[in-house]
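Visitor: Sharing model_12.cif here; it has mmCIF, C-alpha atoms.
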data_my_file
#
loop_
_atom_site.label_atom_id
_atom_site.label_comp_id
_atom_site.auth_asym_id
_atom_site.auth_seq_id
_atom_site.Cartn_x
_atom_site.Cartn_y
_atom_site.Cartn_z
CA MET L 259 0.00 0.00 0.00
CA ARG L 260 1.20 3.50 -0.81
CA ILE L 261 1.46 5.42 2.46
CA ASN L 262 1.79 9.20 2.58
CA LYS L 263 0.79 11.78 5.19
CA LYS L 264 -2.66 12.31 3.68
CA THR L 265 -3.36 8.59 3.60
CA GLN L 266 -2.16 8.21 7.20
CA VAL L 267 -4.60 10.89 8.38
CA LEU L 268 -7.47 9.22 6.54
CA MET L 269 -6.56 5.79 7.91
CA LEU L 270 -6.35 7.18 11.47
CA SER L 271 -9.80 8.71 11.07
CA ALA L 272 -11.17 5.37 9.91
CA LEU L 273 -9.61 3.60 12.90
CA LEU L 274 -11.14 6.10 15.32
CA LEU L 275 -14.53 5.60 13.77
CA GLY L 276 -14.07 1.83 13.89
CA SER L 277 -13.40 1.94 17.61
CA VAL L 278 -17.09 2.49 18.28
CA VAL L 279 -17.87 -0.98 16.94
CA GLY L 280 -16.81 -2.52 20.23
CA CYS L 281 -18.41 -1.21 23.42
CA LYS L 282 -18.03 -2.11 27.09
CA LYS L 283 -21.13 -3.13 28.98
CA ASN L 284 -21.20 -4.67 32.48
CA ASP L 285 -17.40 -5.13 32.23
CA LYS L 286 -17.87 -7.32 29.18
CA VAL L 287 -16.81 -6.41 25.66
CA VAL L 288 -19.68 -6.70 23.22
CA VAL L 289 -18.56 -6.83 19.58
CA GLN L 290 -21.13 -5.93 16.97
CA GLU L 291 -21.33 -8.30 14.03
CA GLU L 292 -20.72 -6.88 10.59
CA ILE L 293 -24.09 -6.62 8.90
CA PRO L 294 -24.13 -7.22 5.13
CA VAL L 295 -25.35 -4.18 3.20
CA ASP L 296 -26.99 -3.96 -0.18
CA ASP L 297 -24.90 -3.01 -3.20
CA THR L 298 -25.95 0.55 -4.01
CA PRO L 299 -24.00 3.62 -5.20
CA VAL L 300 -23.25 4.51 -1.55
CA SER L 301 -23.08 1.10 0.13
CA GLY L 302 -21.74 -2.39 -0.44
CA HIS L 303 -18.42 -4.07 -1.17
CA ILE L 304 -16.42 -4.19 -4.40
CA GLU L 305 -12.95 -5.20 -5.49
CA MET L 306 -11.45 -2.60 -7.80
CA LEU L 307 -8.31 -3.22 -9.84
CA VAL L 308 -6.12 -0.19 -10.53
CA GLU L 309 -3.31 0.15 -13.07
CA GLU L 310 -0.12 0.62 -11.07
CA SER L 311 1.02 3.86 -12.71
CA ILE L 312 -2.13 5.74 -11.58
CA PHE L 313 -2.69 4.14 -8.18
CA PRO L 314 -1.96 7.22 -5.98
CA ILE L 315 -4.89 9.35 -7.18
CA VAL L 316 -7.35 6.44 -7.06
CA GLU L 317 -6.29 5.51 -3.54
CA ASP L 318 -6.69 9.09 -2.29
CA VAL L 319 -10.19 9.45 -3.73
CA ALA L 320 -11.21 5.98 -2.47
CA ASN L 321 -10.07 6.84 1.06
CA VAL L 322 -12.15 10.02 1.14
CA PHE L 323 -15.12 8.25 -0.46
CA LYS L 324 -15.07 5.46 2.13
CA TYR L 325 -14.73 8.00 4.94
CA GLU L 326 -17.76 9.91 3.69
CA TYR L 327 -19.84 6.79 3.03
CA SER L 328 -19.12 4.47 5.94
CA ARG L 329 -21.25 1.61 4.59
CA THR L 330 -18.86 1.08 1.68
CA LYS L 331 -15.87 -1.20 1.38
CA ILE L 332 -13.55 -0.84 -1.62
CA ASP L 333 -10.64 -3.25 -1.90
CA LEU L 334 -8.05 -1.71 -4.23
CA LYS L 335 -5.76 -4.17 -6.01
CA VAL L 336 -2.75 -3.02 -8.02
CA LYS L 337 -2.27 -4.78 -11.35
CA SER L 338 -0.65 -4.08 -14.71
CA GLU L 339 -2.72 -2.96 -17.68
CA GLN L 340 -2.46 -6.35 -19.40
CA GLU L 341 -3.57 -8.23 -16.28
CA ILE L 342 -6.59 -5.98 -15.83
CA LEU L 343 -7.63 -6.27 -19.48
CA GLN L 344 -7.42 -10.06 -19.39
CA LEU L 345 -9.69 -10.19 -16.32
CA LEU L 346 -12.18 -7.78 -17.88
CA PHE L 347 -12.34 -9.74 -21.12
CA LYS L 348 -12.83 -13.02 -19.21
CA ASP L 349 -15.70 -11.49 -17.24
CA SER L 350 -13.71 -12.06 -14.02
CA LEU L 351 -13.75 -8.41 -12.97
CA ARG L 352 -16.48 -5.79 -12.63
CA VAL L 353 -14.77 -2.51 -11.78
CA ALA L 354 -11.33 -1.23 -12.75
CA VAL L 355 -9.41 1.99 -13.30
CA LEU L 356 -7.20 2.29 -16.38
CA PRO L 357 -5.18 5.12 -17.93
CA ARG L 358 -6.99 4.76 -21.25
CA GLU L 359 -10.27 3.90 -22.92
CA PHE L 360 -11.06 0.72 -24.87
CA THR L 361 -10.22 0.49 -28.55
CA ALA L 362 -12.94 -0.41 -31.07
CA LYS L 363 -11.47 -3.91 -31.34
CA GLU L 364 -11.50 -4.38 -27.56
CA MET L 365 -15.14 -3.31 -27.37
CA GLN L 366 -16.00 -6.34 -29.49
CA PHE L 367 -15.19 -8.57 -26.49
CA PHE L 368 -18.27 -7.17 -24.74
CA GLU L 369 -20.78 -7.80 -27.53
CA GLY L 370 -23.73 -9.72 -26.09
CA ARG L 371 -22.57 -8.88 -22.57
CA VAL L 372 -22.82 -5.86 -20.30
CA THR L 373 -21.73 -2.74 -22.15
CA PRO L 374 -18.84 -1.09 -20.26
CA LYS L 375 -19.68 2.18 -18.57
CA ILE L 376 -16.57 4.33 -19.00
CA THR L 377 -16.11 7.47 -16.90
CA HIS L 378 -13.25 9.79 -17.86
CA PHE L 379 -12.28 11.65 -14.68
CA ALA L 380 -8.76 13.04 -15.26
CA THR L 381 -5.85 13.45 -17.65
CA ASP L 382 -2.39 12.24 -16.69
CA ALA L 383 0.94 12.33 -18.54
CA ILE L 384 3.82 9.96 -19.21
CA VAL L 385 6.98 11.73 -18.08
CA PHE L 386 10.73 11.25 -18.35
CA VAL L 387 12.59 11.56 -15.06
CA VAL L 388 16.36 11.66 -14.65
CA ASN L 389 19.07 12.10 -12.06
CA LYS L 390 19.90 15.76 -11.40
CA ASN L 391 23.34 15.10 -12.92
CA TYR L 392 21.88 13.93 -16.24
CA LYS L 393 23.49 15.83 -19.13
CA ASP L 394 20.29 17.28 -20.69
CA SER L 395 17.08 18.92 -19.56
CA VAL L 396 15.06 18.23 -22.72
CA LEU L 397 14.09 15.16 -24.73
CA ASP L 398 13.14 14.66 -28.38
CA ILE L 399 10.33 12.10 -28.32
CA ASP L 400 10.69 11.40 -32.06
CA LYS L 401 14.30 10.41 -31.48
CA VAL L 402 13.29 8.12 -28.62
CA VAL L 403 10.72 6.38 -30.84
CA SER L 404 13.34 6.01 -33.57
CA ASN L 405 15.82 4.46 -31.10
CA LEU L 406 13.20 1.99 -29.90
CA LYS L 407 12.83 0.72 -33.47
CA LYS L 408 16.58 0.11 -33.90
CA LYS L 409 18.42 -3.12 -33.23
CA GLU L 410 21.28 -1.35 -31.44
CA VAL L 411 21.58 2.01 -29.69
CA ASP L 412 24.65 3.83 -28.38
CA VAL L 413 23.51 4.19 -24.76
CA GLN L 414 26.65 6.12 -23.80
CA LYS L 415 25.48 8.87 -26.13
CA GLU L 416 21.71 8.50 -25.88
CA GLY L 417 21.24 7.23 -22.33
CA PHE L 418 18.82 4.36 -21.74
CA LEU L 419 15.16 4.02 -20.77
CA VAL L 420 13.87 2.35 -17.63
CA PHE L 421 10.19 1.30 -17.58
CA ASP L 422 8.12 0.08 -14.64
CA ASN L 423 7.32 -3.31 -16.24
CA TYR L 424 6.58 -4.85 -19.62
CA ALA L 425 2.85 -5.29 -18.98
CA SER L 426 2.19 -1.70 -17.90
CA ASN L 427 0.33 0.99 -19.78
CA VAL L 428 3.47 3.13 -19.88
CA SER L 429 5.50 0.57 -21.83
CA SER L 430 2.56 -0.60 -23.97
CA THR L 431 2.07 3.00 -25.10
CA PHE L 432 5.50 2.92 -26.73
CA ARG L 433 4.93 -0.50 -28.24
CA ASN L 434 1.73 0.78 -29.83
CA THR L 435 3.53 3.89 -31.07
CA THR L 436 6.48 2.04 -32.57
CA GLY L 437 4.64 -1.09 -33.71
CA GLU L 438 7.43 -3.12 -32.07
CA ASN L 439 6.82 -5.87 -29.49
CA SER L 440 10.38 -5.67 -28.19
CA PHE L 441 13.00 -2.95 -27.88
CA PRO L 442 16.83 -2.98 -27.95
CA LYS L 443 17.86 -4.73 -24.74
CA GLU L 444 20.63 -2.26 -23.95
CA TYR L 445 18.27 0.71 -24.47
CA ALA L 446 15.08 -0.37 -22.66
CA TYR L 447 15.04 -1.99 -19.21
CA TYR L 448 12.06 -3.20 -17.16
CA LEU L 449 11.80 -3.16 -13.40
CA GLY L 450 8.99 -4.22 -11.07
CA ASN L 451 7.11 -0.97 -10.43
CA THR L 452 7.36 2.82 -10.45
CA ASN L 453 9.02 3.05 -7.04
CA GLU L 454 11.84 0.82 -8.25
CA VAL L 455 12.30 3.01 -11.34
CA ILE L 456 12.62 6.17 -9.26
CA LYS L 457 15.10 4.57 -6.87
CA TYR L 458 17.12 3.22 -9.81
CA ILE L 459 17.53 6.55 -11.61
CA ASP L 460 18.51 8.19 -8.35
CA SER L 461 21.78 6.24 -8.48
CA ASN L 462 22.22 5.97 -12.27
CA PRO L 463 22.88 9.34 -13.99
CA ASN L 464 22.65 7.84 -17.48
CA ALA L 465 19.18 6.34 -16.96
CA ILE L 466 15.88 7.90 -18.07
CA GLY L 467 12.90 6.77 -16.04
CA VAL L 468 9.61 6.53 -17.95
CA ILE L 469 6.70 6.77 -15.50
CA GLY L 470 3.25 8.21 -14.92
CA LEU L 471 3.16 11.79 -13.63
CA ASN L 472 0.83 10.74 -10.81
CA TRP L 473 3.66 9.01 -8.93
CA LEU L 474 5.73 12.21 -8.88
CA SER L 475 2.91 14.47 -7.77
CA GLN L 476 1.73 12.01 -5.09
CA SER L 477 4.78 9.97 -4.17
CA ASP L 478 4.82 7.84 -1.04
CA ASN L 479 7.19 8.30 1.90
CA SER L 480 9.75 5.82 0.57
CA ILE L 481 10.65 8.04 -2.40
CA GLU L 482 9.68 11.50 -1.13
CA SER L 483 13.25 12.25 -0.04
CA ILE L 484 14.62 11.21 -3.45
CA LYS L 485 12.52 13.66 -5.46
CA LYS L 486 14.80 16.62 -4.71
CA ASP L 487 17.63 14.83 -6.54
CA LEU L 488 15.60 14.26 -9.71
CA LYS L 489 14.49 16.41 -12.61
CA VAL L 490 11.69 16.04 -15.15
CA LEU L 491 12.66 16.52 -18.78
CA ALA L 492 10.81 18.88 -21.10
CA VAL L 493 9.55 16.96 -24.15
CA LYS L 494 9.53 18.20 -27.74
CA ASN L 495 6.15 18.74 -29.35
CA SER L 496 6.48 17.66 -32.98
CA LYS L 497 3.78 20.08 -34.10
CA ASP L 498 5.53 23.31 -33.14
CA GLY L 499 9.07 22.10 -32.39
CA LYS L 500 8.99 23.53 -28.86
CA TYR L 501 9.75 21.74 -25.59
CA TYR L 502 7.17 21.50 -22.81
CA LYS L 503 7.20 20.36 -19.19
CA PRO L 504 4.26 18.21 -17.98
CA SER L 505 2.57 21.02 -16.04
CA GLN L 506 -1.18 21.08 -15.46
CA ASN L 507 -1.52 23.93 -17.90
CA ASN L 508 0.49 22.23 -20.66
CA ILE L 509 -1.41 18.96 -20.20
CA ALA L 510 -4.77 20.76 -20.30
CA GLU L 511 -3.82 22.70 -23.46
CA GLY L 512 -2.39 19.60 -25.14
CA THR L 513 1.04 21.11 -25.73
CA TYR L 514 2.74 18.40 -23.68
CA PRO L 515 2.77 15.52 -26.21
CA LEU L 516 2.32 12.44 -23.98
CA THR L 517 -1.02 12.57 -22.19
CA ARG L 518 -3.57 9.87 -21.37
CA LYS L 519 -7.13 9.68 -20.09
CA LEU L 520 -7.82 8.13 -16.70
CA CYS L 521 -11.08 6.17 -16.70
CA VAL L 522 -13.23 4.14 -14.33
CA ILE L 523 -14.46 1.01 -16.14
CA ASP L 524 -17.72 -0.36 -14.73
CA LEU L 525 -19.15 -3.73 -15.86
CA GLN L 526 -21.61 -4.23 -13.01
CA GLY L 527 -24.57 -3.61 -15.28
CA LYS L 528 -26.51 -1.97 -12.45
CA SER L 529 -26.49 1.09 -10.26
CA GLY L 530 -24.07 -0.36 -7.73
CA LEU L 531 -21.02 0.83 -5.83
CA GLY L 532 -18.99 1.05 -9.04
CA VAL L 533 -21.41 3.68 -10.35
CA GLY L 534 -21.24 5.52 -7.04
CA PHE L 535 -17.44 5.67 -7.03
CA ALA L 536 -17.30 6.74 -10.69
CA SER L 537 -19.84 9.51 -10.01
CA TYR L 538 -17.89 10.65 -6.96
CA ILE L 539 -14.47 10.82 -8.61
CA ALA L 540 -15.98 12.65 -11.60
CA GLY L 541 -18.07 14.91 -9.36
CA TYR L 542 -17.23 18.13 -7.56
CA LYS L 543 -15.39 16.63 -4.57
CA GLY L 544 -13.47 14.06 -6.59
CA GLN L 545 -12.44 16.63 -9.17
CA ARG L 546 -11.05 18.91 -6.48
CA ILE L 547 -8.89 16.02 -5.22
CA VAL L 548 -7.70 15.45 -8.79
CA LEU L 549 -6.88 19.14 -9.20
CA LYS L 550 -4.86 19.25 -5.97
CA SER L 551 -2.99 16.09 -7.00
CA GLY L 552 -1.30 17.86 -9.92
CA LEU L 553 -3.31 16.07 -12.60
CA VAL L 554 -5.89 17.70 -14.85
CA PRO L 555 -9.51 17.03 -13.82
CA PHE L 556 -12.10 16.21 -16.48
CA LYS L 557 -14.11 19.18 -15.23
CA ILE L 558 -12.23 22.11 -13.70
CA PRO L 559 -13.91 22.81 -10.33
CA PRO L 560 -15.12 26.43 -10.05
CA ARG L 561 -13.14 28.73 -7.77
CA GLU L 562 -15.14 30.36 -5.01
CA ILE L 563 -14.17 34.00 -4.49
CA GLN L 564 -15.49 35.96 -1.52
CA VAL L 565 -15.89 39.69 -2.09
CA ARG L 566 -15.98 42.02 0.92
CA LYS L 567 -16.73 45.72 0.94
CA GLU L 568 -14.22 46.34 3.70
CA LEU L 569 -10.86 44.82 4.66
#
Would you mind writing the structure in this file as C-alpha cells?

Guide:
Amino acid sequence: MRINKKTQVLMLSALLLGSVVGCKKNDKVVVQEEIPVDDTPVSGHIEMLVEESIFPIVEDVANVFKYEYSRTKIDLKVKSEQEILQLLFKDSLRVAVLPREFTAKEMQFFEGRVTPKITHFATDAIVFVVNKNYKDSVLDIDKVVSNLKKKEVDVQKEGFLVFDNYASNVSSTFRNTTGENSFPKEYAYYLGNTNEVIKYIDSNPNAIGVIGLNWLSQSDNSIESIKKDLKVLAVKNSKDGKYYKPSQNNIAEGTYPLTRKLCVIDLQGKSGLGVGFASYIAGYKGQRIVLKSGLVPFKIPPREIQVRKEL
C-alpha cells in the first residue's frame, strides 16, 4: 500500500470511527457483528483493480469516499494494464481503473454482454525523469521512438530508458507507437514498479525513467526524499518544435505531447457501488482532489471568491 501523510490521516480517522464498533457493557466487551449491506451507489463491497502507474490518485479518492460513506468497502488491487484487461475480457472483474479507454477492437469482447460504462475523470501524462546530474534537460520524443525501433543504440550517447514493467500501460504506449513488441535490450530496461524506477535513476545518472506523472505528484514516503535529486525533462512537441514540461496547464492545453485519459471502467450492469465511485471521482469533490494532485480534472472545479466591501 502507498502510504503518505494524507493517507495516514485518513486511515487514522477510519480507525477512530471503527473503535465504536466494540463497546463495554457490564465489564464485558460486546462486539457488533458486521451486517451485510446492499450493493448501491453509496453502500456495499467491491474489489477494484487499478493500473499501477495511476494508483496514488485512485487511492486518495477511495479513502475520502469510504470516509464519507461508511457503509462502503472498496478493496483496491494493483495490477498491470495487461492483467486488468485479461480479467475484464474473461468477465472475471467488474470494476477497474485504467489510464486509457477501450479500442474499437476491444469493445468487441463485450458484444452480447454488459456494455462497459466508462467514466473519464482526469488526464495524466507519461513523463521522463532523470538524475539531477543527467546531461540534458530536454528530450526529443521522435528520437526516442526512432531508437526503440533500432536493433542497437549507443547508450553512452543516448542514455537508456527504464520502464516500470513490460505489462504496464506506460511501456505498452510505446509498443503501440512504434509497432514493435520488443526494444533494444541495452536501451530499454524493465523493473517491477514505479518506485523501483525512481530509486534506480537516483543512483544511475545515465538512466531515463519513464513513469506516470501521478507518482511524482503524489509519491509515497519511501521516495519522497529522493525527489529533490531528480528532474523532469521537457519533451519536444512535434507540431511546433517547442519543448514542454508536464505542467497542469500544458497537459490541459495539449502542448505536452504524452497525455492519457484516466477512466473508471464499470461492468456491473446496475447502479451499484462502481457507479457511485465513478460519479464521486468525476463529481465536484473528486475533481477537487484530482486538481490538488497535480493532474488535470475532467471538469475544472469552479473557484469560489469571496468579495468584501471592507478589509

Visitor: Can you tell me, as JSON, numbers by chain, what residues are no more than 9 Å from segment 443-458 of chain L when counting only C-alpha atoms, ignoring any on the same chain fewer than 5 positions away?

Guide: {"L": [310, 311, 387, 388, 405, 406, 409, 410, 411, 412, 413, 416, 417, 418, 419, 420, 421, 422, 423, 424, 426, 429, 465, 467, 468, 469, 470, 473, 477, 478, 480, 481, 484, 485, 488]}

Visitor: Expand the PyMOL selection byres ((chain L and resi 392) around 12) into the individual residues it matches in the shown file, reporting them as a PyMOL selection string.

Guide: chain L and resi 386-391+393-397+414-418+459-467+487-491

Visitor: Considering all atoms listed in the file, can you say which of L:Asn495, L:Ser551, L:Gln340, L:Gln366 comes closest to Thr431 of chain L?

Guide: L:Gln340

Visitor: Compile the contact shell of Asp382 of chain L as a list in words: residues with an atom at most 7 Å away, counting only C-alpha atoms, same-chain residues fewer than 5 positions apart removed.

Guide: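 Contacts, with the query itself left out: Leu471, Asn472, Thr517, Arg518, Lys519, Leu520, Leu553 and Val554 of chain L.
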
Visitor: To one decimal place, how far is atom CA of Gly552 of chain L from atom CA of Val319 of chain L in Å?

Guide: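 Result for atom CA of Gly552 of chain L versus atom CA of Val319 of chain L: 13.7 Å, one decimal.
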
Visitor: Pick from L:Cys521, L:Gly544, L:Lys324, L:Pro314: nearest to His378 of chain L, with all atoms listed in the file counted?

Guide: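 Checking each candidate against His378 of chain L, we get L:Cys521 as the closest.
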